[in-house]
Amino acid sequence: MTSQADAVLAAIRERRSVKQVRPDPVPRELIEQVLEAAVWAPNHHLTQPWRFFVLTGSARDALGEVLARDPALSADKREAIRQKPLRAPVVIAVAVEPDPRRPLLDEIAAGVAAIQNMLLAAHALGLGAIWRTGRAIEDPAVKAFFGLSDRAVLLGFVYLGFPASVPEPPARRPASECTIWFDAATTAAARARALDGSSPADTVEPTSAA
């Protein structure tokens with residue numbers, strides 16, 4: 001295995017969702033490198049549907065005001081929500097403006113791949129990052145804040161900064177527990193389900209390869 005392959009696989013394994021970052025400003029050059037990594041993500045027909053919105057300083061406060069605008073919430077709850085964008089010095093909102101000629105799921109998948117590239121690039125550059133979603137991504141006012149169209153899909157927010165602490169690696173299911181290798185038997189069962197109307201309950205459980 002080449003050293004380049006080793007480096008890529010190590011970045012994938014060692015990346016963490018870093019919740020706690022320092023308040024220190026992140027140089028624009030580093031942010032731009034993270035964004036450049038994003039646009040090399042795979043996307044069907046090169047639609048490149050992703051859109052990025054970089055918030056620093058008072059722009060984060062403005063987003064917090066939008067998130068916390070519900071007067072039905074208690075003052076404490078509204079303040080807690082308003083503070084959320086201030087958890088990192090940089091917040092990057094990621095959305096897709098889908099090509100109407102293409103399946104929506106293809107465009108969303110491209111945007112998610114771009115986010116993974118961002119997270120890996122941030123790790124490689126010594127930054128801490130976490131991808132956050134929640135109800136805000138479906139909030140029409142938040143989409144309006146970013147000037148997105150009605151068709152756009154907001155995929156979440158990448159919080160970015162220099163790590164204050166890095167969490168321990170979580171337990172992960174091995175790939176063998178969620179992988180099916182198609183041999184003659186599983187292929188026959190799959191064909192029967194698809195073409196002969198067999199019950200979907202006849203699903204073959206993942207097993208390790210022989």
# chains A, B, ... in the order shown; residues from 1 in each chain; ligands from 1
>>> residues_around(residues="segment 27-38 of chain A", least_positions_apart="6", cutoff="7 Å", atoms="only C-alpha atoms", output="PyMOL selection string")
chain A and resi 114-115+117-118+121-122
>>> write_last_selection(atoms="N, CA and C atoms", output="PDB file, in the first residue's frame")
ATOM      1  N   ALA A 114     -19.991  16.280  -0.521  1.00  0.00           N
ATOM      2  CA  ALA A 114     -19.199  17.500  -0.359  1.00  0.00           C
ATOM      3  C   ALA A 114     -18.927  17.770   1.122  1.00  0.00           C
ATOM      4  N   ILE A 115     -19.922  17.530   1.957  1.00  0.00           N
ATOM      5  CA  ILE A 115     -19.734  17.730   3.399  1.00  0.00           C
ATOM      6  C   ILE A 115     -18.680  16.771   3.940  1.00  0.00           C
ATOM      7  N   ASN A 117     -16.170  15.564   2.330  1.00  0.00           N
ATOM      8  CA  ASN A 117     -14.881  16.110   1.903  1.00  0.00           C
ATOM      9  C   ASN A 117     -14.446  17.257   2.807  1.00  0.00           C
ATOM     10  N   MET A 118     -15.400  18.100   3.180  1.00  0.00           N
ATOM     11  CA  MET A 118     -15.085  19.216   4.075  1.00  0.00           C
ATOM     12  C   MET A 118     -14.556  18.725   5.419  1.00  0.00           C
ATOM     13  N   ALA A 121     -11.060  17.299   4.983  1.00  0.00           N
ATOM     14  CA  ALA A 121     -10.088  18.367   4.746  1.00  0.00           C
ATOM     15  C   ALA A 121      -9.803  19.129   6.031  1.00  0.00           C
ATOM     16  N   ALA A 122     -10.841  19.405   6.808  1.00  0.00           N
ATOM     17  CA  ALA A 122     -10.654  20.113   8.074  1.00  0.00           C
ATOM     18  C   ALA A 122      -9.731  19.313   8.983  1.00  0.00           C
TER      19      ALA A 122
END
>>> select_by_dssp(residues="segment 3-206 of chain A", states="strand (DSSP E)", output="list in words")
Trp50, Arg51, Phe52, Phe53, Val54, Leu55, Val90, Val91, Ile92, Ala93, Val94, Ala95, Val96, Gly128, Ala129, Ile130, Trp131, Arg132, Val153, Leu154, Leu155, Gly156, Phe157, Val158, Tyr159, Leu160 and Gly161 of chain A
>>> closest_atom_pairs(of="segment 75-174 of chain A", to="segment 41-50 of chain A", cutoff="10 Å", atoms="only C-alpha atoms", output="tab-separated table")
residue	atom	partner	partner_atom	distance
A:Val94	CA	A:Trp50	CA	7.0
A:Ala95	CA	A:Trp50	CA	5.7
A:Val96	CA	A:Trp50	CA	4.4
A:Glu97	CA	A:Pro49	CA	5.2
A:Pro98	CA	A:Pro49	CA	5.6
A:Asp99	CA	A:Thr47	CA	6.8
A:Arg101	CA	A:Thr47	CA	9.8
A:Arg102	CA	A:His44	CA	8.5
A:Pro103	CA	A:His44	CA	9.6
A:Asp106	CA	A:His44	CA	6.7
A:Glu107	CA	A:Pro49	CA	6.3
A:Ile108	CA	A:Pro49	CA	8.3
A:Ala109	CA	A:Asn43	CA	7.8
A:Ala110	CA	A:Asn43	CA	4.9
A:Gly111	CA	A:Trp50	CA	5.5
A:Val112	CA	A:Ala41	CA	8.8
A:Ala113	CA	A:Ala41	CA	5.6
A:Ala114	CA	A:Ala41	CA	5.0
A:Ile115	CA	A:Ala41	CA	8.6
A:Gln116	CA	A:Ala41	CA	8.5
A:Asn117	CA	A:Ala41	CA	6.7
A:Met118	CA	A:Ala41	CA	9.4
A:Ala152	CA	A:Pro49	CA	9.3
A:Val153	CA	A:Trp50	CA	9.6
A:Leu154	CA	A:Trp50	CA	9.7
A:Leu155	CA	A:Trp50	CA	9.7
>>> atom_distance(atom1="atom CA of Pro89 of chain A", atom2="atom CA of Ala171 of chain A")
29.0 Å
>>> atom_distance(atom1="atom CA of Ala88 of chain A", atom2="atom CA of Trp131 of chain A")
11.8 Å
>>> closest_residue(among="A:Arg78, A:His123, A:Ala189, A:Pro85", to="Gly64 of chain A", atoms="only C-alpha atoms")
A:Pro85
